[in-house]
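Here is the file upload04.cif (mmCIF, C-alpha atoms and all ligand atoms; chains and numbers go by the auth columns).
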```cif
data_coords
loop_
_atom_site.group_PDB
_atom_site.id
_atom_site.type_symbol
_atom_site.label_atom_id
_atom_site.label_comp_id
_atom_site.label_asym_id
_atom_site.label_seq_id
_atom_site.Cartn_x
_atom_site.Cartn_y
_atom_site.Cartn_z
_atom_site.B_iso_or_equiv
_atom_site.auth_seq_id
_atom_site.auth_asym_id
ATOM 1 C CA MET A 1 118.017 84.272 92.591 0.00 1 A
ATOM 2 C CA SER A 2 119.573 87.053 90.544 0.00 2 A
ATOM 3 C CA PRO A 3 123.334 86.518 90.575 0.00 3 A
ATOM 4 C CA THR A 4 123.954 89.880 88.891 0.00 4 A
ATOM 5 C CA LEU A 5 122.678 91.953 91.828 0.00 5 A
ATOM 6 C CA ARG A 6 125.488 93.786 93.580 0.00 6 A
ATOM 7 C CA THR A 7 124.316 94.367 97.131 0.00 7 A
ATOM 8 C CA ARG A 8 126.106 94.733 100.464 0.00 8 A
ATOM 9 C CA ILE A 9 123.724 92.220 102.026 0.00 9 A
ATOM 10 C CA ALA A 10 122.865 88.848 100.475 0.00 10 A
ATOM 11 C CA CYS A 11 119.450 88.758 98.883 0.00 11 A
ATOM 12 C CA THR A 12 117.249 86.399 96.935 0.00 12 A
ATOM 13 C CA VAL A 13 114.475 87.614 94.632 0.00 13 A
ATOM 14 C CA TYR A 14 111.394 85.376 94.340 0.00 14 A
ATOM 15 C CA PRO A 15 108.604 85.591 91.754 0.00 15 A
ATOM 16 C CA SER A 16 106.056 86.381 94.468 0.00 16 A
ATOM 17 C CA ALA A 17 105.688 87.117 98.176 0.00 17 A
ATOM 18 C CA GLY A 18 104.065 83.702 98.552 0.00 18 A
ATOM 19 C CA ALA A 19 107.082 81.966 97.051 0.00 19 A
ATOM 20 C CA ALA A 20 109.425 83.842 99.413 0.00 20 A
ATOM 21 C CA ALA A 21 107.235 82.963 102.405 0.00 21 A
ATOM 22 C CA LEU A 22 107.324 79.286 101.400 0.00 22 A
ATOM 23 C CA ALA A 23 111.110 79.401 101.184 0.00 23 A
ATOM 24 C CA VAL A 24 111.446 80.974 104.649 0.00 24 A
ATOM 25 C CA ALA A 25 108.982 78.496 106.144 0.00 25 A
ATOM 26 C CA ASP A 26 110.885 75.663 104.510 0.00 26 A
ATOM 27 C CA GLU A 27 114.152 76.868 105.987 0.00 27 A
ATOM 28 C CA LEU A 28 112.588 77.065 109.424 0.00 28 A
ATOM 29 C CA ARG A 29 111.102 73.586 109.080 0.00 29 A
ATOM 30 C CA ALA A 30 114.522 72.162 108.174 0.00 30 A
ATOM 31 C CA ARG A 31 116.164 73.949 111.093 0.00 31 A
ATOM 32 C CA LEU A 32 113.509 72.699 113.534 0.00 32 A
ATOM 33 C CA ALA A 33 113.951 69.150 112.239 0.00 33 A
ATOM 34 C CA GLY A 34 117.627 69.326 113.194 0.00 34 A
ATOM 35 C CA TYR A 35 117.150 71.330 116.397 0.00 35 A
ATOM 36 C CA PRO A 36 113.588 71.336 117.822 0.00 36 A
ATOM 37 C CA SER A 37 114.353 73.713 120.702 0.00 37 A
ATOM 38 C CA LEU A 38 115.121 76.624 118.402 0.00 38 A
ATOM 39 C CA VAL A 39 114.792 80.169 119.792 0.00 39 A
ATOM 40 C CA LEU A 40 112.961 82.349 117.282 0.00 40 A
ATOM 41 C CA GLY A 41 112.803 86.111 116.845 0.00 41 A
ATOM 42 C CA LEU A 42 109.477 87.047 115.233 0.00 42 A
ATOM 43 C CA PRO A 43 107.908 90.111 113.574 0.00 43 A
ATOM 44 C CA THR A 44 104.377 91.426 113.184 0.00 44 A
ATOM 45 C CA GLY A 45 103.031 93.386 110.197 0.00 45 A
ATOM 46 C CA ASN A 46 101.589 92.602 106.783 0.00 46 A
ATOM 47 C CA THR A 47 104.820 91.117 105.489 0.00 47 A
ATOM 48 C CA PRO A 48 104.969 87.938 107.615 0.00 48 A
ATOM 49 C CA VAL A 49 101.288 87.002 107.178 0.00 49 A
ATOM 50 C CA PRO A 50 101.874 84.486 104.335 0.00 50 A
ATOM 51 C CA PHE A 51 104.780 83.014 106.310 0.00 51 A
ATOM 52 C CA TYR A 52 102.616 82.459 109.399 0.00 52 A
ATOM 53 C CA GLN A 53 99.890 80.984 107.186 0.00 53 A
ATOM 54 C CA GLU A 54 102.401 78.531 105.791 0.00 54 A
ATOM 55 C CA LEU A 55 103.644 77.569 109.272 0.00 55 A
ATOM 56 C CA SER A 56 100.029 76.960 110.319 0.00 56 A
ATOM 57 C CA ARG A 57 99.434 74.830 107.227 0.00 57 A
ATOM 58 C CA LEU A 58 102.600 72.800 107.810 0.00 58 A
ATOM 59 C CA HIS A 59 101.586 72.250 111.419 0.00 59 A
ATOM 60 C CA ARG A 60 98.075 71.091 110.473 0.00 60 A
ATOM 61 C CA ALA A 61 99.634 68.699 107.967 0.00 61 A
ATOM 62 C CA GLY A 62 101.790 67.228 110.738 0.00 62 A
ATOM 63 C CA LEU A 63 104.969 68.469 109.074 0.00 63 A
ATOM 64 C CA LEU A 64 106.090 71.071 111.613 0.00 64 A
ATOM 65 C CA SER A 65 106.122 71.230 115.393 0.00 65 A
ATOM 66 C CA LEU A 66 107.085 74.184 117.565 0.00 66 A
ATOM 67 C CA ALA A 67 106.438 72.213 120.773 0.00 67 A
ATOM 68 C CA GLN A 68 110.017 72.630 121.953 0.00 68 A
ATOM 69 C CA ALA A 69 110.672 76.075 120.459 0.00 69 A
ATOM 70 C CA THR A 70 110.688 79.486 122.161 0.00 70 A
ATOM 71 C CA SER A 71 109.747 82.808 120.583 0.00 71 A
ATOM 72 C CA PHE A 72 110.612 86.446 121.220 0.00 72 A
ATOM 73 C CA ASN A 73 108.752 89.126 119.312 0.00 73 A
ATOM 74 C CA LEU A 74 110.544 92.252 118.256 0.00 74 A
ATOM 75 C CA ASP A 75 108.305 94.852 119.804 0.00 75 A
ATOM 76 C CA GLU A 76 105.054 95.886 121.459 0.00 76 A
ATOM 77 C CA TYR A 77 103.095 99.135 121.697 0.00 77 A
ATOM 78 C CA LEU A 78 102.853 100.974 124.988 0.00 78 A
ATOM 79 C CA GLY A 79 99.659 102.648 126.131 0.00 79 A
ATOM 80 C CA LEU A 80 97.300 99.770 125.302 0.00 80 A
ATOM 81 C CA ALA A 81 95.565 97.726 127.959 0.00 81 A
ATOM 82 C CA PRO A 82 96.812 94.139 128.321 0.00 82 A
ATOM 83 C CA GLY A 83 94.697 92.031 125.961 0.00 83 A
ATOM 84 C CA ASP A 84 93.851 94.966 123.666 0.00 84 A
ATOM 85 C CA PRO A 85 92.989 93.356 120.300 0.00 85 A
ATOM 86 C CA ARG A 86 95.271 95.865 118.541 0.00 86 A
ATOM 87 C CA SER A 87 98.319 94.811 120.575 0.00 87 A
ATOM 88 C CA PHE A 88 101.017 92.767 118.895 0.00 88 A
ATOM 89 C CA ARG A 89 100.416 90.053 121.523 0.00 89 A
ATOM 90 C CA ALA A 90 96.809 89.721 120.315 0.00 90 A
ATOM 91 C CA TRP A 91 97.919 89.821 116.681 0.00 91 A
ATOM 92 C CA MET A 92 100.446 87.024 117.251 0.00 92 A
ATOM 93 C CA GLN A 93 97.831 84.994 119.101 0.00 93 A
ATOM 94 C CA THR A 94 95.510 85.145 116.084 0.00 94 A
ATOM 95 C CA GLN A 95 98.101 84.763 113.332 0.00 95 A
ATOM 96 C CA LEU A 96 100.357 82.122 114.850 0.00 96 A
ATOM 97 C CA PHE A 97 100.154 81.136 118.504 0.00 97 A
ATOM 98 C CA SER A 98 96.582 79.790 118.274 0.00 98 A
ATOM 99 C CA GLN A 99 97.446 77.892 115.078 0.00 99 A
ATOM 100 C CA VAL A 100 100.538 75.948 116.169 0.00 100 A
ATOM 101 C CA ASP A 101 101.830 74.039 119.194 0.00 101 A
ATOM 102 C CA LEU A 102 104.243 76.649 120.560 0.00 102 A
ATOM 103 C CA PRO A 103 103.722 76.483 124.369 0.00 103 A
ATOM 104 C CA ALA A 104 102.113 79.716 125.602 0.00 104 A
ATOM 105 C CA ASN A 105 104.657 80.131 128.397 0.00 105 A
ATOM 106 C CA ARG A 106 107.478 80.222 125.841 0.00 106 A
ATOM 107 C CA THR A 107 105.965 82.961 123.659 0.00 107 A
ATOM 108 C CA HIS A 108 107.475 86.291 124.653 0.00 108 A
ATOM 109 C CA LEU A 109 106.669 89.896 123.815 0.00 109 A
ATOM 110 C CA PRO A 110 107.567 92.972 125.829 0.00 110 A
ATOM 111 C CA ASP A 111 104.744 93.678 128.299 0.00 111 A
ATOM 112 C CA PRO A 112 102.777 96.873 127.577 0.00 112 A
ATOM 113 C CA VAL A 113 103.856 98.541 130.817 0.00 113 A
ATOM 114 C CA GLU A 114 103.553 102.177 131.861 0.00 114 A
ATOM 115 C CA PRO A 115 106.373 104.245 130.300 0.00 115 A
ATOM 116 C CA ALA A 116 107.998 104.700 133.727 0.00 116 A
ATOM 117 C CA ALA A 117 108.394 100.920 133.992 0.00 117 A
ATOM 118 C CA ALA A 118 109.808 100.540 130.458 0.00 118 A
ATOM 119 C CA PRO A 119 113.505 100.504 131.466 0.00 119 A
ATOM 120 C CA GLU A 120 112.861 97.675 133.916 0.00 120 A
ATOM 121 C CA GLU A 121 110.729 95.765 131.398 0.00 121 A
ATOM 122 C CA SER A 122 113.434 96.223 128.746 0.00 122 A
ATOM 123 C CA ARG A 123 116.088 94.786 131.085 0.00 123 A
ATOM 124 C CA ARG A 124 113.792 91.861 131.890 0.00 124 A
ATOM 125 C CA TYR A 125 113.340 91.122 128.170 0.00 125 A
ATOM 126 C CA GLU A 126 117.079 91.200 127.473 0.00 126 A
ATOM 127 C CA GLN A 127 117.661 88.952 130.484 0.00 127 A
ATOM 128 C CA LEU A 128 115.063 86.420 129.242 0.00 128 A
ATOM 129 C CA ILE A 129 116.778 86.282 125.851 0.00 129 A
ATOM 130 C CA ARG A 130 120.152 85.745 127.539 0.00 130 A
ATOM 131 C CA GLU A 131 118.762 83.019 129.806 0.00 131 A
ATOM 132 C CA VAL A 132 117.683 80.883 126.851 0.00 132 A
ATOM 133 C CA GLY A 133 121.073 81.305 125.197 0.00 133 A
ATOM 134 C CA GLY A 134 120.179 83.992 122.651 0.00 134 A
ATOM 135 C CA ILE A 135 118.092 84.010 119.476 0.00 135 A
ATOM 136 C CA ASP A 136 118.945 81.341 116.911 0.00 136 A
ATOM 137 C CA TRP A 137 116.850 82.523 113.978 0.00 137 A
ATOM 138 C CA MET A 138 115.383 85.979 113.597 0.00 138 A
ATOM 139 C CA LEU A 139 112.824 87.028 111.022 0.00 139 A
ATOM 140 C CA LEU A 140 112.327 90.732 110.256 0.00 140 A
ATOM 141 C CA GLY A 141 110.229 92.993 108.091 0.00 141 A
ATOM 142 C CA ILE A 142 111.405 96.462 107.105 0.00 142 A
ATOM 143 C CA GLY A 143 109.461 99.699 107.465 0.00 143 A
ATOM 144 C CA ARG A 144 109.233 102.250 104.658 0.00 144 A
ATOM 145 C CA ASN A 145 111.631 104.379 106.710 0.00 145 A
ATOM 146 C CA GLY A 146 114.102 101.503 107.049 0.00 146 A
ATOM 147 C CA HIS A 147 113.170 100.563 110.590 0.00 147 A
ATOM 148 C CA ILE A 148 113.661 97.025 111.887 0.00 148 A
ATOM 149 C CA GLY A 149 111.479 96.262 114.850 0.00 149 A
ATOM 150 C CA PHE A 150 110.656 99.795 116.007 0.00 150 A
ATOM 151 C CA ASN A 151 114.255 100.942 115.673 0.00 151 A
ATOM 152 C CA GLU A 152 113.518 104.156 113.845 0.00 152 A
ATOM 153 C CA PRO A 153 116.133 106.073 111.818 0.00 153 A
ATOM 154 C CA GLY A 154 118.859 107.348 114.141 0.00 154 A
ATOM 155 C CA SER A 155 118.770 104.255 116.373 0.00 155 A
ATOM 156 C CA ALA A 156 122.278 103.284 117.427 0.00 156 A
ATOM 157 C CA ARG A 157 123.916 100.161 116.047 0.00 157 A
ATOM 158 C CA THR A 158 124.595 99.133 119.646 0.00 158 A
ATOM 159 C CA SER A 159 121.076 99.890 120.937 0.00 159 A
ATOM 160 C CA ARG A 160 119.384 97.394 123.258 0.00 160 A
ATOM 161 C CA THR A 161 115.736 96.722 124.116 0.00 161 A
ATOM 162 C CA ARG A 162 114.205 100.057 125.161 0.00 162 A
ATOM 163 C CA LEU A 163 111.330 102.515 125.009 0.00 163 A
ATOM 164 C CA VAL A 164 111.128 104.332 121.659 0.00 164 A
ATOM 165 C CA GLU A 165 109.052 107.139 120.182 0.00 165 A
ATOM 166 C CA LEU A 166 107.448 106.200 116.867 0.00 166 A
ATOM 167 C CA GLU A 167 108.082 108.267 113.726 0.00 167 A
ATOM 168 C CA ALA A 168 105.334 109.945 111.696 0.00 168 A
ATOM 169 C CA LYS A 169 105.719 107.416 108.840 0.00 169 A
ATOM 170 C CA THR A 170 105.365 104.506 111.247 0.00 170 A
ATOM 171 C CA ILE A 171 102.289 106.063 112.849 0.00 171 A
ATOM 172 C CA ALA A 172 100.762 106.687 109.395 0.00 172 A
ATOM 173 C CA ASP A 173 101.335 103.049 108.411 0.00 173 A
ATOM 174 C CA ALA A 174 99.578 101.857 111.596 0.00 174 A
ATOM 175 C CA ALA A 175 96.628 104.262 111.262 0.00 175 A
ATOM 176 C CA LYS A 176 94.366 101.747 109.513 0.00 176 A
ATOM 177 C CA THR A 177 94.658 99.226 112.338 0.00 177 A
ATOM 178 C CA PHE A 178 93.803 101.883 114.917 0.00 178 A
ATOM 179 C CA GLY A 179 91.049 103.675 113.009 0.00 179 A
ATOM 180 C CA GLY A 180 93.020 106.887 112.513 0.00 180 A
ATOM 181 C CA GLU A 181 96.487 108.262 113.215 0.00 181 A
ATOM 182 C CA GLN A 182 95.291 110.006 116.373 0.00 182 A
ATOM 183 C CA HIS A 183 94.617 106.614 117.988 0.00 183 A
ATOM 184 C CA VAL A 184 98.016 105.052 117.228 0.00 184 A
ATOM 185 C CA PRO A 185 100.225 104.709 120.325 0.00 185 A
ATOM 186 C CA ARG A 186 103.197 107.070 120.197 0.00 186 A
ATOM 187 C CA ARG A 187 105.522 104.822 122.127 0.00 187 A
ATOM 188 C CA ALA A 188 106.646 101.219 122.082 0.00 188 A
ATOM 189 C CA ILE A 189 109.266 98.877 123.478 0.00 189 A
ATOM 190 C CA THR A 190 111.518 97.365 120.829 0.00 190 A
ATOM 191 C CA MET A 191 114.466 95.006 120.792 0.00 191 A
ATOM 192 C CA GLY A 192 117.526 97.086 119.955 0.00 192 A
ATOM 193 C CA ILE A 193 119.658 96.824 116.841 0.00 193 A
ATOM 194 C CA GLY A 194 122.469 95.422 118.980 0.00 194 A
ATOM 195 C CA THR A 195 120.031 92.817 120.312 0.00 195 A
ATOM 196 C CA ILE A 196 118.924 91.891 116.777 0.00 196 A
ATOM 197 C CA LEU A 197 122.514 91.659 115.509 0.00 197 A
ATOM 198 C CA GLU A 198 123.289 89.037 118.173 0.00 198 A
ATOM 199 C CA ALA A 199 120.833 86.586 116.571 0.00 199 A
ATOM 200 C CA ARG A 200 122.749 83.749 114.926 0.00 200 A
ATOM 201 C CA ALA A 201 120.804 83.966 111.658 0.00 201 A
ATOM 202 C CA ILE A 202 118.705 86.864 110.348 0.00 202 A
ATOM 203 C CA ARG A 203 116.178 86.736 107.500 0.00 203 A
ATOM 204 C CA VAL A 204 114.450 89.891 106.259 0.00 204 A
ATOM 205 C CA MET A 205 111.358 89.840 104.063 0.00 205 A
ATOM 206 C CA ALA A 206 110.172 92.832 102.021 0.00 206 A
ATOM 207 C CA PHE A 207 107.409 92.744 99.440 0.00 207 A
ATOM 208 C CA GLY A 208 105.721 95.198 97.097 0.00 208 A
ATOM 209 C CA SER A 209 106.773 98.344 95.253 0.00 209 A
ATOM 210 C CA ALA A 210 106.215 100.551 98.342 0.00 210 A
ATOM 211 C CA LYS A 211 109.370 98.904 99.771 0.00 211 A
ATOM 212 C CA ALA A 212 111.496 99.197 96.613 0.00 212 A
ATOM 213 C CA GLU A 213 113.212 102.453 97.521 0.00 213 A
ATOM 214 C CA ILE A 214 114.062 101.525 101.096 0.00 214 A
ATOM 215 C CA VAL A 215 115.215 98.046 100.018 0.00 215 A
ATOM 216 C CA GLN A 216 117.593 99.673 97.552 0.00 216 A
ATOM 217 C CA ARG A 217 118.959 102.024 100.226 0.00 217 A
ATOM 218 C CA ALA A 218 119.259 99.282 102.850 0.00 218 A
ATOM 219 C CA LEU A 219 121.059 96.862 100.542 0.00 219 A
ATOM 220 C CA THR A 220 123.299 99.137 98.517 0.00 220 A
ATOM 221 C CA ALA A 221 124.143 102.228 100.585 0.00 221 A
ATOM 222 C CA GLU A 222 127.006 102.593 103.032 0.00 222 A
ATOM 223 C CA PRO A 223 125.612 101.248 106.339 0.00 223 A
ATOM 224 C CA THR A 224 124.189 104.139 108.333 0.00 224 A
ATOM 225 C CA GLU A 225 122.091 104.593 111.442 0.00 225 A
ATOM 226 C CA LEU A 226 119.781 106.729 109.267 0.00 226 A
ATOM 227 C CA VAL A 227 118.693 103.487 107.550 0.00 227 A
ATOM 228 C CA PRO A 228 118.532 100.987 110.416 0.00 228 A
ATOM 229 C CA ALA A 229 118.184 97.932 108.136 0.00 229 A
ATOM 230 C CA SER A 230 121.482 98.835 106.435 0.00 230 A
ATOM 231 C CA LEU A 231 123.212 98.072 109.760 0.00 231 A
ATOM 232 C CA LEU A 232 122.543 94.383 109.122 0.00 232 A
ATOM 233 C CA ALA A 233 125.431 94.450 106.615 0.00 233 A
ATOM 234 C CA GLY A 234 128.366 92.614 108.076 0.00 234 A
ATOM 235 C CA HIS A 235 126.284 90.136 110.077 0.00 235 A
ATOM 236 C CA ALA A 236 127.682 86.653 109.483 0.00 236 A
ATOM 237 C CA ASP A 237 124.388 85.100 108.366 0.00 237 A
ATOM 238 C CA VAL A 238 121.869 87.599 107.030 0.00 238 A
ATOM 239 C CA ARG A 239 119.709 87.389 103.889 0.00 239 A
ATOM 240 C CA PHE A 240 116.930 89.494 102.411 0.00 240 A
ATOM 241 C CA LEU A 241 114.067 87.661 100.693 0.00 241 A
ATOM 242 C CA LEU A 242 112.325 89.894 98.166 0.00 242 A
ATOM 243 C CA ASP A 243 109.644 89.744 95.516 0.00 243 A
ATOM 244 C CA ALA A 244 110.132 91.269 92.065 0.00 244 A
ATOM 245 C CA GLU A 245 108.391 94.517 93.085 0.00 245 A
ATOM 246 C CA SER A 246 110.477 95.254 96.166 0.00 246 A
ATOM 247 C CA ALA A 247 113.647 94.369 94.212 0.00 247 A
ATOM 248 C CA GLN A 248 112.822 96.519 91.185 0.00 248 A
ATOM 249 C CA LEU A 249 115.388 99.243 91.945 0.00 249 A
ATOM 250 C CA LEU A 250 118.274 96.866 92.635 0.00 250 A
ATOM 251 C CA GLY A 251 120.920 96.345 89.977 0.00 251 A
ATOM 252 C CA GLN A 252 120.329 99.748 88.402 0.00 252 A
HETATM 253 P P1 LIG B . 104.725 95.751 107.163 0.00 1 B
HETATM 254 O O1 LIG B . 105.615 96.445 108.251 0.00 1 B
HETATM 255 O O2 LIG B . 105.131 94.312 107.135 0.00 1 B
HETATM 256 O O3 LIG B . 103.325 95.921 107.638 0.00 1 B
HETATM 257 O O4 LIG B . 105.014 96.441 105.873 0.00 1 B
HETATM 258 C C1 LIG B . 106.980 96.168 108.260 0.00 1 B
HETATM 259 C C2 LIG B . 107.630 96.911 109.392 0.00 1 B
HETATM 260 O O5 LIG B . 107.198 98.036 109.698 0.00 1 B
HETATM 261 O O6 LIG B . 108.602 96.382 109.961 0.00 1 B
#
```
Write-out of the structure in structure tokens:
Amino acid sequence: MSPTLRTRIACTVYPSAGAAALAVADELRARLAGYPSLVLGLPTGNTPVPFYQELSRLHRAGLLSLAQATSFNLDEYLGLAPGDPRSFRAWMQTQLFSQVDLPANRTHLPDPVEPAAAPEESRRYEQLIREVGGIDWMLLGIGRNGHIGFNEPGSARTSRTRLVELEAKTIADAAKTFGGEQHVPRRAITMGIGTILEARAIRVMAFGSAKAEIVQRALTAEPTELVPASLLAGHADVRFLLDAESAQLLGQ
């Protein structure tokens, strides 16, 4: 922890991404010990991989159970067939769901429906979250353009789960997974910023120097819809967990 950092949002700087992932996993383990039926908000991407690996390890060691938990992922691409290995559902299955004891019927992602059905699917997702009493603990990554979930710059602070068009930077970052930018879906369903802000606790992980500039903007600039992650300022329980590289422009 660097007590000298002056940021609008609380943050902790760890010596490595692995150390930050261990800290987040440890927090989750402690929360689950006190309240096993936790409702989780979960991200995909490169950033949470070490965190999911640690959850899997803790589970194998008999130190963590998600048997009574529920999960809601942030987003899902549209335009992929159900079961497509490049979908976030498939990614979550590989990285986490197949590794732990979270019951399959309590793992939620938006369904990859036809665009015309997206408004109805978005309402269904919001309703599901309401029915379980809201999200207790939400983990986020941050895109190089400041997006959280697929809330691209310009997303309203009050936005709800909805169909979104992906930005060029987001499409470029996904190109590797899809074997070229031309194959990346252009649309997705994402939880809204308003939906995210209703989570009782929010943790954001960002690692590596490619995130340094956006981390600085998100944590130090006046909150603005042009940097969606900056809108987390003012939430009652939000913290960024960084490594030295992503934090390198803070405190300057
Ligand atoms: P990344 O993506 O973890 O792959 O960097 C983060 C995000 O786009 O939210």
Next item on the list: Record the distance separating CA of Ser37 in chain A and CA of Phe51 in chain A, expressed in Å with one decimal.
Entry: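 Separation of CA of Ser37 in chain A and CA of Phe51 in chain A: 19.6 Å.
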Dump the neighbourhood of ligand LIG 1 (chain B) as a PDB file with C-alpha atoms, keeping the file's coordinate frame: all residues within 9 Å, distances computed on all atoms listed in the file.
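Result went into selection03.pdb, see below:
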```
ATOM      1  CA  PRO A  43     107.908  90.111 113.574  1.00  0.00           C
ATOM      2  CA  THR A  44     104.377  91.426 113.184  1.00  0.00           C
ATOM      3  CA  GLY A  45     103.031  93.386 110.197  1.00  0.00           C
ATOM      4  CA  ASN A  46     101.589  92.602 106.783  1.00  0.00           C
ATOM      5  CA  THR A  47     104.820  91.117 105.489  1.00  0.00           C
ATOM      6  CA  PRO A  48     104.969  87.938 107.615  1.00  0.00           C
ATOM      7  CA  VAL A  49     101.288  87.002 107.178  1.00  0.00           C
ATOM      8  CA  LEU A 140     112.327  90.732 110.256  1.00  0.00           C
ATOM      9  CA  GLY A 141     110.229  92.993 108.091  1.00  0.00           C
ATOM     10  CA  ILE A 142     111.405  96.462 107.105  1.00  0.00           C
ATOM     11  CA  GLY A 143     109.461  99.699 107.465  1.00  0.00           C
ATOM     12  CA  ARG A 144     109.233 102.250 104.658  1.00  0.00           C
ATOM     13  CA  ASN A 145     111.631 104.379 106.710  1.00  0.00           C
ATOM     14  CA  GLY A 146     114.102 101.503 107.049  1.00  0.00           C
ATOM     15  CA  HIS A 147     113.170 100.563 110.590  1.00  0.00           C
ATOM     16  CA  ILE A 148     113.661  97.025 111.887  1.00  0.00           C
ATOM     17  CA  GLY A 149     111.479  96.262 114.850  1.00  0.00           C
ATOM     18  CA  PHE A 150     110.656  99.795 116.007  1.00  0.00           C
ATOM     19  CA  THR A 170     105.365 104.506 111.247  1.00  0.00           C
ATOM     20  CA  ASP A 173     101.335 103.049 108.411  1.00  0.00           C
ATOM     21  CA  ALA A 174      99.578 101.857 111.596  1.00  0.00           C
ATOM     22  CA  MET A 205     111.358  89.840 104.063  1.00  0.00           C
ATOM     23  CA  ALA A 206     110.172  92.832 102.021  1.00  0.00           C
ATOM     24  CA  PHE A 207     107.409  92.744  99.440  1.00  0.00           C
ATOM     25  CA  GLY A 208     105.721  95.198  97.097  1.00  0.00           C
ATOM     26  CA  ALA A 210     106.215 100.551  98.342  1.00  0.00           C
ATOM     27  CA  LYS A 211     109.370  98.904  99.771  1.00  0.00           C
TER      28      LYS A 211
END
```
Report the closest atom pair, with its distance in Å rounded to one decimal, for each residue of range 125-222 of chain A that has an atom no farther than 7 Å from range 230-238 of chain A; count only C-alpha atoms, sort by chain and then rising residue number, and write it as a tab-separated table.
```
residue	atom	partner	partner_atom	distance
A:Arg157	CA	A:Leu231	CA	6.7
A:Leu197	CA	A:His235	CA	6.8
A:Arg200	CA	A:Asp237	CA	6.9
A:Ala201	CA	A:Asp237	CA	5.0
A:Ile202	CA	A:Val238	CA	4.6
A:Arg203	CA	A:Val238	CA	5.8
A:Ala218	CA	A:Ser230	CA	4.2
A:Leu219	CA	A:Ser230	CA	6.2
```
Residues of the last selection are to be written out with C-alpha atoms, as an mmCIF file, in the coordinates of the input.
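Writing the result to again-v3.cif gives the following:
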```
data_model
loop_
_atom_site.group_PDB
_atom_site.id
_atom_site.type_symbol
_atom_site.label_atom_id
_atom_site.label_comp_id
_atom_site.auth_asym_id
_atom_site.auth_seq_id
_atom_site.Cartn_x
_atom_site.Cartn_y
_atom_site.Cartn_z
ATOM 1 C CA ARG A 157 123.916 100.161 116.047
ATOM 2 C CA LEU A 197 122.514 91.659 115.509
ATOM 3 C CA ARG A 200 122.749 83.749 114.926
ATOM 4 C CA ALA A 201 120.804 83.966 111.658
ATOM 5 C CA ILE A 202 118.705 86.864 110.348
ATOM 6 C CA ARG A 203 116.178 86.736 107.500
ATOM 7 C CA ALA A 218 119.259 99.282 102.850
ATOM 8 C CA LEU A 219 121.059 96.862 100.542
#
```
Next item on the list: Starting from the shown file, work through the PyMOL selection byres (((chain A and resi 119) around 12) and not hetatm) and note down what comes out as a list of chain:residue names.
Entry: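 With the PyMOL selection byres (((chain A and resi 119) around 12) and not hetatm) on this model, the match is A:Pro110, A:Asp111, A:Pro112, A:Val113, A:Glu114, A:Pro115, A:Ala116, A:Ala117, A:Ala118, A:Glu120, A:Glu121, A:Ser122, A:Arg123, A:Arg124, A:Tyr125, A:Glu126, A:Arg160, A:Thr161, A:Arg162, A:Leu163, A:Val164, A:Ala188, A:Ile189, A:Thr190.
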Next item on the list: Any chance you could resolve the PyMOL selection byres (((chain A and resi 10-17) around 8) and not hetatm) against this file and give the residues as a list in words?
Entry: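 Taken on the displayed file, the PyMOL selection byres (((chain A and resi 10-17) around 8) and not hetatm) yields the residues Met1, Ser2, Thr7, Arg8, Ile9, Gly18, Ala19, Ala20, Ala21, Pro50, Phe207, Val238, Arg239, Phe240, Leu241, Leu242, Asp243, Ala244 and Ala247 of chain A.
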Once 3 Å is added on each side, what are the centre and the three edge lengths, in Å to one decimal, of the axis-aligned box enclosing the listed atoms of range 142-152 of chain A? Present them as AutoDock Vina command-line options.
```
--center_x 111.7 --center_y 100.3 --center_z 110.3 --size_x 11.0 --size_y 14.1 --size_z 17.3
```
Next item on the list: Evaluate the PyMOL selection byres (((chain A and resi 87-101) around 10) and not hetatm) here and jot the selected residues down as a ChimeraX atom specification.
Entry: /A:42-45,48-60,64-69,71,73-86,102-104,107-112
Assuming the input is short of atoms at range 131-138 of chain A, produce N, CA and C atoms for that part as a PDB file, keeping the file's coordinate frame.
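The file below, result15.pdb, is the result:
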```pdb
ATOM      1  N   GLU A 131     118.951  84.275 129.042  1.00  0.00           N
ATOM      2  CA  GLU A 131     118.762  83.019 129.806  1.00  0.00           C
ATOM      3  C   GLU A 131     118.525  81.814 128.912  1.00  0.00           C
ATOM      4  N   VAL A 132     117.913  82.027 127.746  1.00  0.00           N
ATOM      5  CA  VAL A 132     117.683  80.883 126.851  1.00  0.00           C
ATOM      6  C   VAL A 132     118.837  80.710 125.854  1.00  0.00           C
ATOM      7  N   GLY A 133     119.885  81.495 126.038  1.00  0.00           N
ATOM      8  CA  GLY A 133     121.073  81.305 125.197  1.00  0.00           C
ATOM      9  C   GLY A 133     121.071  82.121 123.916  1.00  0.00           C
ATOM     10  N   GLY A 134     120.188  83.112 123.824  1.00  0.00           N
ATOM     11  CA  GLY A 134     120.179  83.992 122.651  1.00  0.00           C
ATOM     12  C   GLY A 134     119.245  83.483 121.561  1.00  0.00           C
ATOM     13  N   ILE A 135     119.031  84.327 120.568  1.00  0.00           N
ATOM     14  CA  ILE A 135     118.092  84.010 119.476  1.00  0.00           C
ATOM     15  C   ILE A 135     118.837  83.290 118.355  1.00  0.00           C
ATOM     16  N   ASP A 136     118.300  82.136 117.961  1.00  0.00           N
ATOM     17  CA  ASP A 136     118.945  81.341 116.911  1.00  0.00           C
ATOM     18  C   ASP A 136     118.601  81.861 115.520  1.00  0.00           C
ATOM     19  N   TRP A 137     117.341  82.226 115.331  1.00  0.00           N
ATOM     20  CA  TRP A 137     116.850  82.523 113.978  1.00  0.00           C
ATOM     21  C   TRP A 137     115.844  83.654 114.082  1.00  0.00           C
ATOM     22  N   MET A 138     116.182  84.758 113.450  1.00  0.00           N
ATOM     23  CA  MET A 138     115.383  85.979 113.597  1.00  0.00           C
ATOM     24  C   MET A 138     114.792  86.361 112.249  1.00  0.00           C
TER      25      MET A 138
END
```
